[in-house]
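Visitor: Hey, dropping input.txt in here, compact mmCIF, C-alpha atoms and all ligand atoms:
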```
# COMPACT_ATOMS: atom_id res chain seq x y z
CA MET A 844 65.87 -127.44 196.16
CA THR A 845 67.75 -126.17 199.23
CA PRO A 846 69.79 -128.94 200.87
CA LEU A 847 68.85 -129.95 204.39
CA LEU A 848 71.58 -130.21 207.04
CA LEU A 849 70.94 -132.44 210.03
CA ASN A 850 73.24 -132.18 213.01
CA LEU A 851 73.55 -135.57 214.71
CA ASP A 852 75.23 -135.23 218.11
CA SER A 853 77.87 -132.79 216.77
CA SER A 854 79.02 -129.17 217.16
CA PRO A 855 76.12 -126.65 216.80
CA THR A 856 78.64 -123.93 215.88
CA LEU A 857 80.06 -125.98 213.02
CA ALA A 858 76.55 -126.96 211.89
CA ALA A 859 75.48 -123.28 211.77
CA ALA A 860 78.65 -122.25 209.91
CA LEU A 861 78.16 -125.02 207.33
CA CYS A 862 74.48 -124.09 206.84
CA GLU A 863 75.47 -120.49 206.21
CA ARG A 864 78.25 -121.33 203.75
CA LEU A 865 76.21 -123.98 201.89
CA GLU A 866 72.94 -122.03 202.02
CA ALA A 867 71.44 -125.17 203.55
CA GLU A 868 68.34 -125.34 205.72
CA PRO A 869 69.10 -126.43 209.29
CA GLY A 870 66.91 -129.46 209.97
CA THR A 871 65.59 -130.77 213.26
CA LEU A 872 65.99 -134.21 214.74
CA GLU A 873 64.33 -135.58 217.82
CA THR A 874 66.69 -137.96 219.56
CA ARG A 875 66.48 -139.57 222.95
CA ASN A 876 67.04 -142.87 224.65
CA PHE A 877 64.37 -145.25 225.79
CA PRO A 878 64.56 -146.15 229.49
CA ASP A 879 66.51 -149.30 228.55
CA GLY A 880 69.13 -147.25 226.67
CA GLU A 881 68.05 -147.99 223.08
CA SER A 882 67.95 -145.01 220.69
CA TYR A 883 64.83 -143.18 219.51
CA LEU A 884 65.19 -140.97 216.44
CA ARG A 885 62.72 -138.88 214.43
CA VAL A 886 63.30 -136.55 211.45
CA LEU A 887 61.05 -133.47 211.72
CA ASN A 888 61.55 -132.07 208.18
CA PRO A 889 60.21 -133.26 204.84
CA VAL A 890 63.09 -134.94 202.96
CA GLN A 891 61.40 -136.36 199.83
CA GLY A 892 63.63 -135.64 196.82
CA ARG A 893 66.09 -133.53 198.84
CA GLU A 894 69.85 -133.54 199.23
CA VAL A 895 70.47 -134.27 202.89
CA ILE A 896 73.78 -133.53 204.62
CA ILE A 897 74.38 -135.22 207.95
CA LEU A 898 76.96 -133.61 210.22
CA CYS A 899 78.04 -136.44 212.50
CA ASN A 900 81.55 -136.17 213.85
CA LEU A 901 82.72 -139.74 214.40
CA VAL A 902 84.79 -138.99 217.47
CA ASP A 903 83.80 -141.61 220.06
CA PRO A 904 82.52 -143.69 217.14
CA ASP A 905 81.05 -146.63 219.01
CA ALA A 906 78.52 -144.34 220.68
CA ARG A 907 77.56 -142.45 217.49
CA THR A 908 77.66 -144.87 214.60
CA LEU A 909 74.48 -146.78 215.34
CA ARG A 910 72.43 -143.58 215.48
CA LEU A 911 74.04 -142.46 212.22
CA ILE A 912 73.02 -145.70 210.53
CA PHE A 913 69.46 -145.39 211.91
CA LEU A 914 69.27 -141.83 210.58
CA ALA A 915 70.61 -142.66 207.11
CA ASP A 916 68.27 -145.63 206.80
CA THR A 917 65.27 -143.49 207.84
CA LEU A 918 66.17 -140.74 205.36
CA ARG A 919 66.43 -143.32 202.57
CA GLU A 920 63.00 -144.72 203.42
CA LEU A 921 61.54 -141.20 203.54
CA GLY A 922 62.74 -140.55 199.96
CA ALA A 923 65.85 -138.35 200.34
CA ARG A 924 67.57 -137.83 196.99
CA ARG A 925 71.12 -138.32 198.32
CA ILE A 926 72.46 -138.67 201.84
CA GLY A 927 75.96 -137.36 202.54
CA LEU A 928 78.05 -137.42 205.68
CA VAL A 929 80.36 -134.67 206.93
CA SER A 930 82.61 -136.11 209.62
CA PRO A 931 85.64 -133.88 210.27
CA TYR A 932 87.27 -136.78 212.14
CA LEU A 933 87.05 -140.18 210.48
CA ALA A 934 87.34 -142.94 213.06
CA TYR A 935 88.97 -146.36 212.81
CA MET A 936 91.52 -145.39 210.16
CA ARG A 937 94.50 -146.44 212.29
CA GLN A 938 93.43 -150.10 212.39
CA ASP A 939 94.63 -150.63 208.83
CA LYS A 940 96.56 -153.87 209.36
CA ARG A 941 96.38 -157.09 211.37
CA PHE A 942 99.23 -156.39 213.79
CA GLN A 943 98.58 -159.53 215.90
CA PRO A 944 97.02 -162.81 214.75
CA GLY A 945 93.23 -162.74 215.12
CA GLU A 946 92.89 -158.95 215.31
CA CYS A 947 89.97 -157.20 213.62
CA VAL A 948 91.16 -154.81 210.89
CA SER A 949 88.31 -152.52 211.92
CA SER A 950 88.89 -149.85 209.26
CA ARG A 951 87.45 -152.27 206.68
CA PRO A 952 84.09 -153.29 208.22
CA PHE A 953 83.61 -149.71 209.44
CA ALA A 954 84.09 -148.32 205.92
CA ALA A 955 81.87 -151.03 204.43
CA LEU A 956 79.09 -150.19 206.89
CA LEU A 957 79.16 -146.44 206.17
CA SER A 958 79.42 -147.06 202.41
CA ARG A 959 76.28 -149.18 202.52
CA TYR A 960 74.09 -146.47 204.06
CA LEU A 961 75.54 -143.21 202.68
CA ASP A 962 75.99 -141.70 199.22
CA TRP A 963 79.09 -139.61 199.89
CA LEU A 964 81.53 -138.62 202.59
CA VAL A 965 83.55 -135.49 203.36
CA THR A 966 86.27 -135.55 205.99
CA MET A 967 89.45 -133.71 206.91
CA ASP A 968 92.84 -135.46 206.68
CA PRO A 969 91.91 -139.02 207.64
CA HIS A 970 94.82 -141.16 208.86
CA LEU A 971 96.07 -142.59 205.57
CA HIS A 972 99.10 -144.69 206.32
CA ARG A 973 98.95 -148.18 204.81
CA TYR A 974 95.97 -147.14 202.71
CA HIS A 975 96.86 -144.51 200.14
CA ALA A 976 93.31 -143.39 199.39
CA LEU A 977 89.89 -143.74 200.98
CA ASP A 978 88.53 -145.58 197.95
CA GLN A 979 90.63 -148.59 198.94
CA ILE A 980 88.02 -149.22 201.66
CA TYR A 981 85.10 -146.84 200.94
CA SER A 982 82.93 -147.61 197.92
CA ILE A 983 81.17 -144.20 197.86
CA PRO A 984 82.52 -140.88 196.54
CA THR A 985 84.69 -139.19 199.17
CA ARG A 986 86.43 -135.83 199.51
CA ILE A 987 89.41 -135.30 201.74
CA VAL A 988 89.71 -131.68 202.81
CA PRO A 989 93.36 -130.89 203.58
CA ALA A 990 94.22 -129.17 206.84
CA ALA A 991 97.69 -128.11 205.61
CA PRO A 992 96.66 -124.72 204.14
CA LEU A 993 94.74 -123.87 207.32
CA ILE A 994 97.63 -124.88 209.59
CA ALA A 995 100.15 -123.03 207.41
CA ARG A 996 98.06 -119.84 207.62
CA TRP A 997 97.86 -120.15 211.43
CA ILE A 998 101.64 -120.61 211.66
CA ARG A 999 102.31 -117.64 209.37
CA ASP A 1000 100.02 -115.45 211.50
CA ASN A 1001 101.20 -116.65 214.92
CA VAL A 1002 104.74 -118.07 214.93
CA PRO A 1003 107.43 -115.61 213.77
CA ASN A 1004 110.38 -117.92 213.09
CA PRO A 1005 109.21 -121.55 212.98
CA VAL A 1006 110.97 -124.85 212.30
CA LEU A 1007 108.50 -127.69 211.73
CA LEU A 1008 108.94 -131.19 213.16
CA GLY A 1009 107.03 -134.30 212.13
CA PRO A 1010 107.31 -137.04 214.76
CA ASP A 1011 107.11 -140.01 212.37
CA MET A 1012 107.24 -140.99 208.71
CA GLU A 1013 103.45 -140.85 208.30
CA SER A 1014 103.46 -137.19 209.31
CA GLU A 1015 105.68 -136.23 206.38
CA GLN A 1016 102.66 -135.99 204.06
CA TRP A 1017 101.22 -133.14 206.18
CA VAL A 1018 104.38 -131.54 207.52
CA ALA A 1019 106.09 -131.18 204.13
CA GLN A 1020 103.00 -129.49 202.71
CA VAL A 1021 102.59 -127.13 205.66
CA ALA A 1022 106.30 -126.26 205.51
CA ALA A 1023 106.09 -125.39 201.81
CA LEU A 1024 103.00 -123.22 202.35
CA ALA A 1025 104.41 -121.53 205.47
CA GLY A 1026 107.88 -121.06 203.94
CA ALA A 1027 109.54 -122.83 206.89
CA PRO A 1028 112.21 -125.56 207.19
CA PHE A 1029 111.15 -128.99 208.45
CA GLU A 1030 112.53 -132.28 209.74
CA ILE A 1031 110.86 -135.69 210.01
CA LEU A 1032 111.78 -137.92 212.95
CA ASN A 1033 111.43 -141.67 213.49
CA LYS A 1034 109.00 -143.21 215.92
CA VAL A 1035 108.80 -146.69 217.39
CA ARG A 1036 105.57 -147.46 219.26
CA SER A 1037 105.68 -150.43 221.61
CA GLY A 1038 102.37 -149.82 223.43
CA ASP A 1039 99.40 -147.43 223.67
CA TYR A 1040 101.40 -145.20 226.05
CA THR A 1041 104.93 -146.20 225.05
CA VAL A 1042 106.73 -144.60 222.12
CA SER A 1043 110.27 -143.54 221.42
CA ILE A 1044 111.20 -140.77 219.00
CA SER A 1045 114.56 -140.15 217.36
CA GLN A 1046 116.65 -137.10 218.25
CA PRO A 1047 116.23 -134.18 215.81
CA ALA A 1048 119.37 -132.82 214.13
CA ALA A 1049 120.82 -129.71 215.77
CA LEU A 1050 117.93 -127.26 215.67
CA ASP A 1051 118.45 -123.55 215.07
CA GLN A 1052 117.88 -122.17 218.59
CA GLN A 1053 116.55 -118.93 217.12
CA ARG A 1054 113.57 -120.78 215.70
CA THR A 1055 110.42 -121.95 217.50
CA PRO A 1056 109.84 -125.72 217.07
CA VAL A 1057 106.36 -126.48 215.77
CA LEU A 1058 105.38 -130.15 216.10
CA ILE A 1059 102.67 -131.25 213.69
CA ASP A 1060 100.73 -134.53 213.70
CA ASP A 1061 97.38 -135.63 212.35
CA ILE A 1062 96.14 -137.10 215.64
CA ILE A 1063 96.97 -136.38 219.26
CA SER A 1064 95.54 -139.23 221.30
CA SER A 1065 97.54 -140.35 224.36
CA GLY A 1066 99.84 -137.39 223.63
CA ARG A 1067 102.89 -139.62 224.03
CA THR A 1068 104.14 -139.02 220.48
CA MET A 1069 104.25 -135.26 221.12
CA LEU A 1070 105.55 -135.59 224.69
CA GLN A 1071 108.44 -137.85 223.67
CA THR A 1072 109.38 -135.48 220.85
CA ILE A 1073 109.35 -132.52 223.25
CA ARG A 1074 111.85 -134.32 225.52
CA HIS A 1075 114.49 -133.71 222.83
CA LEU A 1076 113.88 -129.95 222.64
CA ARG A 1077 115.37 -127.03 224.52
CA GLN A 1078 112.79 -124.41 223.53
CA ARG A 1079 109.11 -124.51 224.50
CA PRO A 1080 107.39 -125.71 221.29
CA VAL A 1081 104.01 -125.28 219.69
CA CYS A 1082 102.16 -128.60 219.18
CA ILE A 1083 99.59 -128.64 216.39
CA GLY A 1084 97.18 -131.53 215.89
CA VAL A 1085 94.59 -131.80 213.15
CA HIS A 1086 92.47 -134.04 215.37
CA GLY A 1087 92.94 -133.47 219.10
CA LEU A 1088 91.42 -136.53 220.76
CA PHE A 1089 93.33 -136.03 224.04
CA ALA A 1090 92.77 -139.34 225.83
CA ALA A 1091 93.08 -139.37 229.63
CA ASP A 1092 95.61 -136.78 230.89
CA ALA A 1093 97.14 -135.99 227.47
CA TYR A 1094 96.01 -132.36 227.26
CA GLN A 1095 97.14 -131.46 230.77
CA LEU A 1096 100.56 -133.04 230.30
CA LEU A 1097 101.07 -131.29 226.98
CA GLN A 1098 99.91 -127.90 228.20
CA ASP A 1099 102.59 -128.02 230.91
CA VAL A 1100 105.35 -128.16 228.30
CA ALA A 1101 103.97 -126.62 225.09
CA GLU A 1102 101.42 -124.34 223.48
CA VAL A 1103 98.76 -126.75 222.19
CA VAL A 1104 96.76 -125.85 219.10
CA THR A 1105 94.20 -127.91 217.18
CA THR A 1106 91.80 -127.46 214.30
CA GLU A 1107 88.07 -127.47 215.04
CA CYS A 1108 87.85 -131.09 213.79
CA VAL A 1109 87.32 -132.29 217.35
CA PRO A 1110 85.64 -129.68 219.58
CA HIS A 1111 88.11 -128.83 222.39
CA PRO A 1112 89.46 -125.78 224.29
CA SER A 1113 92.65 -126.00 222.17
CA ASN A 1114 90.74 -125.29 218.92
CA ARG A 1115 92.29 -122.28 217.16
CA ILE A 1116 92.04 -123.25 213.48
CA PRO A 1117 88.59 -122.91 211.85
CA ILE A 1118 87.53 -125.58 209.36
CA ALA A 1119 84.00 -124.68 208.19
CA PRO A 1120 84.92 -122.78 204.98
CA ALA A 1121 87.22 -125.57 203.76
CA LEU A 1122 84.71 -128.32 204.64
CA ALA A 1123 81.93 -126.42 202.87
CA ASP A 1124 84.05 -126.31 199.68
CA GLY A 1125 84.42 -130.10 199.85
CA VAL A 1126 80.67 -130.60 200.32
CA ARG A 1127 79.87 -128.25 197.44
CA GLU A 1128 82.04 -130.33 195.10
CA LEU A 1129 80.12 -133.50 195.97
CA LEU A 1130 76.71 -131.85 195.77
CA ALA A 1131 77.59 -130.64 192.27
CA ARG A 1132 78.25 -134.19 190.98
C1 LIG B 1201 99.72 -142.42 214.27
O1 LIG B 1201 100.72 -142.82 213.73
C2 LIG B 1201 99.32 -140.99 214.24
O2 LIG B 1201 99.85 -140.31 213.14
C3 LIG B 1201 99.69 -140.26 215.51
O3 LIG B 1201 101.09 -140.11 215.56
C4 LIG B 1201 99.25 -141.00 216.71
O4 LIG B 1201 97.89 -141.35 216.61
C5 LIG B 1201 99.47 -140.19 217.97
O5 LIG B 1201 99.07 -140.95 219.04
P1 LIG B 1201 99.47 -140.63 220.53
O6 LIG B 1201 99.04 -139.23 220.85
O7 LIG B 1201 98.67 -141.66 221.32
O8 LIG B 1201 100.93 -140.83 220.67
```
Translate the structure described by the file into structure tokens.
Guide:
Amino acid sequence: MTPLLLNLDSSPTLAAALCERLEAEPGTLETRNFPDGESYLRVLNPVQGREVIILCNLVDPDARTLRLIFLADTLRELGARRIGLVSPYLAYMRQDKRFQPGECVSSRPFAALLSRYLDWLVTMDPHLHRYHALDQIYSIPTRIVPAAPLIARWIRDNVPNPVLLGPDMESEQWVAQVAALAGAPFEILNKVRSGDYTVSISQPAALDQQRTPVLIDDIISSGRTMLQTIRHLRQRPVCIGVHGLFAADAYQLLQDVAEVVTTECVPHPSNRIPIAPALADGVRELLAR
């Protein structure tokens, strides 16, 4: 039976592209808020015995997660065969350790909650730092779709003579892969973060001035990691983020000093790198299980 794809508060363009690639039927949800702010949700398609794919991008997760749980629970009650989630950005992965006494390690309860209501999960390059794999916290099958081949293709097509820079040790996993695929040299720097808006980045080794610096990170949030790296550079760089969250004035500050490019993981004017074909491949693998 044709799978049903339900778009919960996420990009209509990505939903349409996924439906086309997966030959899925686009479903319809009725969502609104009651006058007191509580959520109303209704599924307008028959789901008995069907594979249901929910596209719910967990950017701004506190606002979206409750509706996602309501939807998954409703689909289960209505007899869906399996309920999968496509979330190009997977929230709460950076809280992977108790940094201060008493802190909530929110990655764990968040993963436990989603695992309880869903049958599988597809995402693109979640922030794996102290966790090495999603199954350390998720108990459902997951697929991580890598952004590296997509970023490498964009660099090959758009930056003639690049040198790649990763701002911290965590970024090496992405930067090294992109560099190999793009046939470019790379260097990984060291970062010390002392606050949400305070980071320091080590000086890169003497860079070949004939090359364009391309900074690559999985997440751009406050933008301070990129901005502090740029302070060390003489040439105007390209900054590539897999997930461009751009808190507060981050995008404006970065645009003043760099070309800013992101994947479509988080809808934003800087999106240049399409993700639908790669995500659809990940979903297909899980549907075939
Ligand atoms: C964390 O280590 C991530 O890989 C990014 O480097 C970080 O989230 C970037 O944050 P910001 O833009 O706030 O410096």
Visitor: Per residue of chain A within 6 Å of ligand LIG 1201 (chain B), note the shortest atom pair and the distance in Å to one decimal, counting all atoms listed in the file, and order the rows by chain and increasing residue number, as a Markdown table.
Guide:
```
| residue | atom | partner | partner_atom | distance |
| --- | --- | --- | --- | --- |
| A:Asp1060 | CA | B:LIG1201 | O2 | 5.9 |
| A:Asp1061 | CA | B:LIG1201 | O2 | 5.4 |
| A:Ile1062 | CA | B:LIG1201 | O4 | 4.7 |
| A:Ile1063 | CA | B:LIG1201 | O6 | 3.9 |
| A:Ser1064 | CA | B:LIG1201 | O6 | 3.5 |
| A:Ser1065 | CA | B:LIG1201 | O7 | 3.5 |
| A:Gly1066 | CA | B:LIG1201 | O6 | 3.4 |
| A:Arg1067 | CA | B:LIG1201 | O8 | 4.1 |
| A:Thr1068 | CA | B:LIG1201 | O8 | 3.7 |
```
Visitor: Let me make sure I understand: among A:Arg973, A:His1111, A:Leu1032, A:Leu1024, which one has the smallest atom-to-atom distance to A:His1075 if we use all atoms listed in the file?
Guide: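 That would be A:Leu1032, the residue with the smallest distance to A:His1075.
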Visitor: Mind giving me the straight-line distance from atom CA of A:Pro989 to atom CA of A:Pro969 in Å, one decimal?
Guide: 9.2 Å
Visitor: Quote the spacing between atom CA of A:Leu1058 and atom CA of A:Ala995 in Å to one decimal place.
Guide: 12.4 Å
Visitor: Separation of atom CA of A:Met936 and atom CA of A:Leu971, in Å?
Guide: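 Going from atom CA of A:Met936 over to atom CA of A:Leu971 covers 7.0 Å.
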Visitor: Restricting the calculation to all atoms listed in the file, which member of A:Glu868, A:Pro1080, A:Leu921, A:Arg951 is positioned closest to A:Asp1099?
Guide: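 Closest to A:Asp1099, using all atoms listed in the file: A:Pro1080.
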Visitor: Using only C-alpha atoms, pick whichever of A:Gln1071, A:Gln979, A:Ser853, A:Asn1114 has the shortest atom-to-atom distance to A:Lys1034.
Guide: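 Distance minimum relative to A:Lys1034 lands on A:Gln1071.
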Visitor: Can you tell me which residues surround A:Leu848 at a distance of at most 9 Å, considering only C-alpha atoms, apart from same-chain residues fewer than 3 positions away, and format the answer as a PyMOL selection string?
Guide: chain A and resi 858+861-862+867-871+894-898
Visitor: Write out, as a CSV table (one decimal), in the frame of the given file, the residues just selected, with C-alpha atoms.
Guide:
```
chain,number,residue,atom,x,y,z
A,858,ALA,CA,76.6,-127.0,211.9
A,861,LEU,CA,78.2,-125.0,207.3
A,862,CYS,CA,74.5,-124.1,206.8
A,867,ALA,CA,71.4,-125.2,203.6
A,868,GLU,CA,68.3,-125.3,205.7
A,869,PRO,CA,69.1,-126.4,209.3
A,870,GLY,CA,66.9,-129.5,210.0
A,871,THR,CA,65.6,-130.8,213.3
A,894,GLU,CA,69.8,-133.5,199.2
A,895,VAL,CA,70.5,-134.3,202.9
A,896,ILE,CA,73.8,-133.5,204.6
A,897,ILE,CA,74.4,-135.2,208.0
A,898,LEU,CA,77.0,-133.6,210.2
```
Visitor: Would you compute an axis-aligned box for stretch 933-952 of chain A, covering every atom listed for it in the file with 4 Å of margin on each side, and report centre and edge lengths in Å to one decimal as JSON?
Guide:
```
{"center_x": 91.7, "center_y": -151.5, "center_z": 211.3, "size_x": 23.1, "size_y": 30.6, "size_z": 17.2}
```
Visitor: With distances taken over all atoms listed in the file, which residue among A:Lys940, A:Ala1121, A:Ala923, A:Ser949 lies nearest A:Asp962?
Guide: A:Ala923
Visitor: Which residues are near A:Leu957? Cut-off 10 Å, all atoms listed in the file, ignore same chain within fewer than 5 positions. Put them as a ChimeraX atom specification.
Guide: /A:908,911-912,915,928,952,962-964,981-983
Visitor: Given the selection you just returned, output its residues as a file containing C-alpha atoms, formatted as an mmCIF file, in the coordinates of the input.
Guide:
```
data_model
loop_
_atom_site.group_PDB
_atom_site.id
_atom_site.type_symbol
_atom_site.label_atom_id
_atom_site.label_comp_id
_atom_site.auth_asym_id
_atom_site.auth_seq_id
_atom_site.Cartn_x
_atom_site.Cartn_y
_atom_site.Cartn_z
ATOM 1 C CA THR A 908 77.660 -144.870 214.600
ATOM 2 C CA LEU A 911 74.040 -142.460 212.220
ATOM 3 C CA ILE A 912 73.020 -145.700 210.530
ATOM 4 C CA ALA A 915 70.610 -142.660 207.110
ATOM 5 C CA LEU A 928 78.050 -137.420 205.680
ATOM 6 C CA PRO A 952 84.090 -153.290 208.220
ATOM 7 C CA ASP A 962 75.990 -141.700 199.220
ATOM 8 C CA TRP A 963 79.090 -139.610 199.890
ATOM 9 C CA LEU A 964 81.530 -138.620 202.590
ATOM 10 C CA TYR A 981 85.100 -146.840 200.940
ATOM 11 C CA SER A 982 82.930 -147.610 197.920
ATOM 12 C CA ILE A 983 81.170 -144.200 197.860
#
```
Visitor: Let me make sure I understand: among A:Ala1025, A:Leu956, A:Leu1076, A:Val902, which one has the smallest atom-to-atom distance to A:Ala934 if we use all atoms listed in the file?
Guide: A:Val902
Visitor: Which polymer residues have any atom within 12 Å of an atom of A:Gly1026, counting all atoms listed in the file, with same-chain residues fewer than 5 positions away left out, as an MDAnalysis selection string?
Guide: chainID A and resid 992 995:996 998:999 1002:1007 1018:1021
Visitor: Write out the residues from the selection above, keeping C-alpha atoms, as an mmCIF file, in the coordinates of the input.
Guide:
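So selection-v6.cif came out as:
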```cif
data_model
loop_
_atom_site.group_PDB
_atom_site.id
_atom_site.type_symbol
_atom_site.label_atom_id
_atom_site.label_comp_id
_atom_site.auth_asym_id
_atom_site.auth_seq_id
_atom_site.Cartn_x
_atom_site.Cartn_y
_atom_site.Cartn_z
ATOM 1 C CA PRO A 992 96.660 -124.720 204.140
ATOM 2 C CA ALA A 995 100.150 -123.030 207.410
ATOM 3 C CA ARG A 996 98.060 -119.840 207.620
ATOM 4 C CA ILE A 998 101.640 -120.610 211.660
ATOM 5 C CA ARG A 999 102.310 -117.640 209.370
ATOM 6 C CA VAL A 1002 104.740 -118.070 214.930
ATOM 7 C CA PRO A 1003 107.430 -115.610 213.770
ATOM 8 C CA ASN A 1004 110.380 -117.920 213.090
ATOM 9 C CA PRO A 1005 109.210 -121.550 212.980
ATOM 10 C CA VAL A 1006 110.970 -124.850 212.300
ATOM 11 C CA LEU A 1007 108.500 -127.690 211.730
ATOM 12 C CA VAL A 1018 104.380 -131.540 207.520
ATOM 13 C CA ALA A 1019 106.090 -131.180 204.130
ATOM 14 C CA GLN A 1020 103.000 -129.490 202.710
ATOM 15 C CA VAL A 1021 102.590 -127.130 205.660
#
```
Visitor: As number ranges by chain, please: the residues near A:Ile987 (cut-off 9 Å, all atoms listed in the file, same-chain neighbours under 5 positions excluded).
Guide: A: 964-969, 977, 1122, 1125
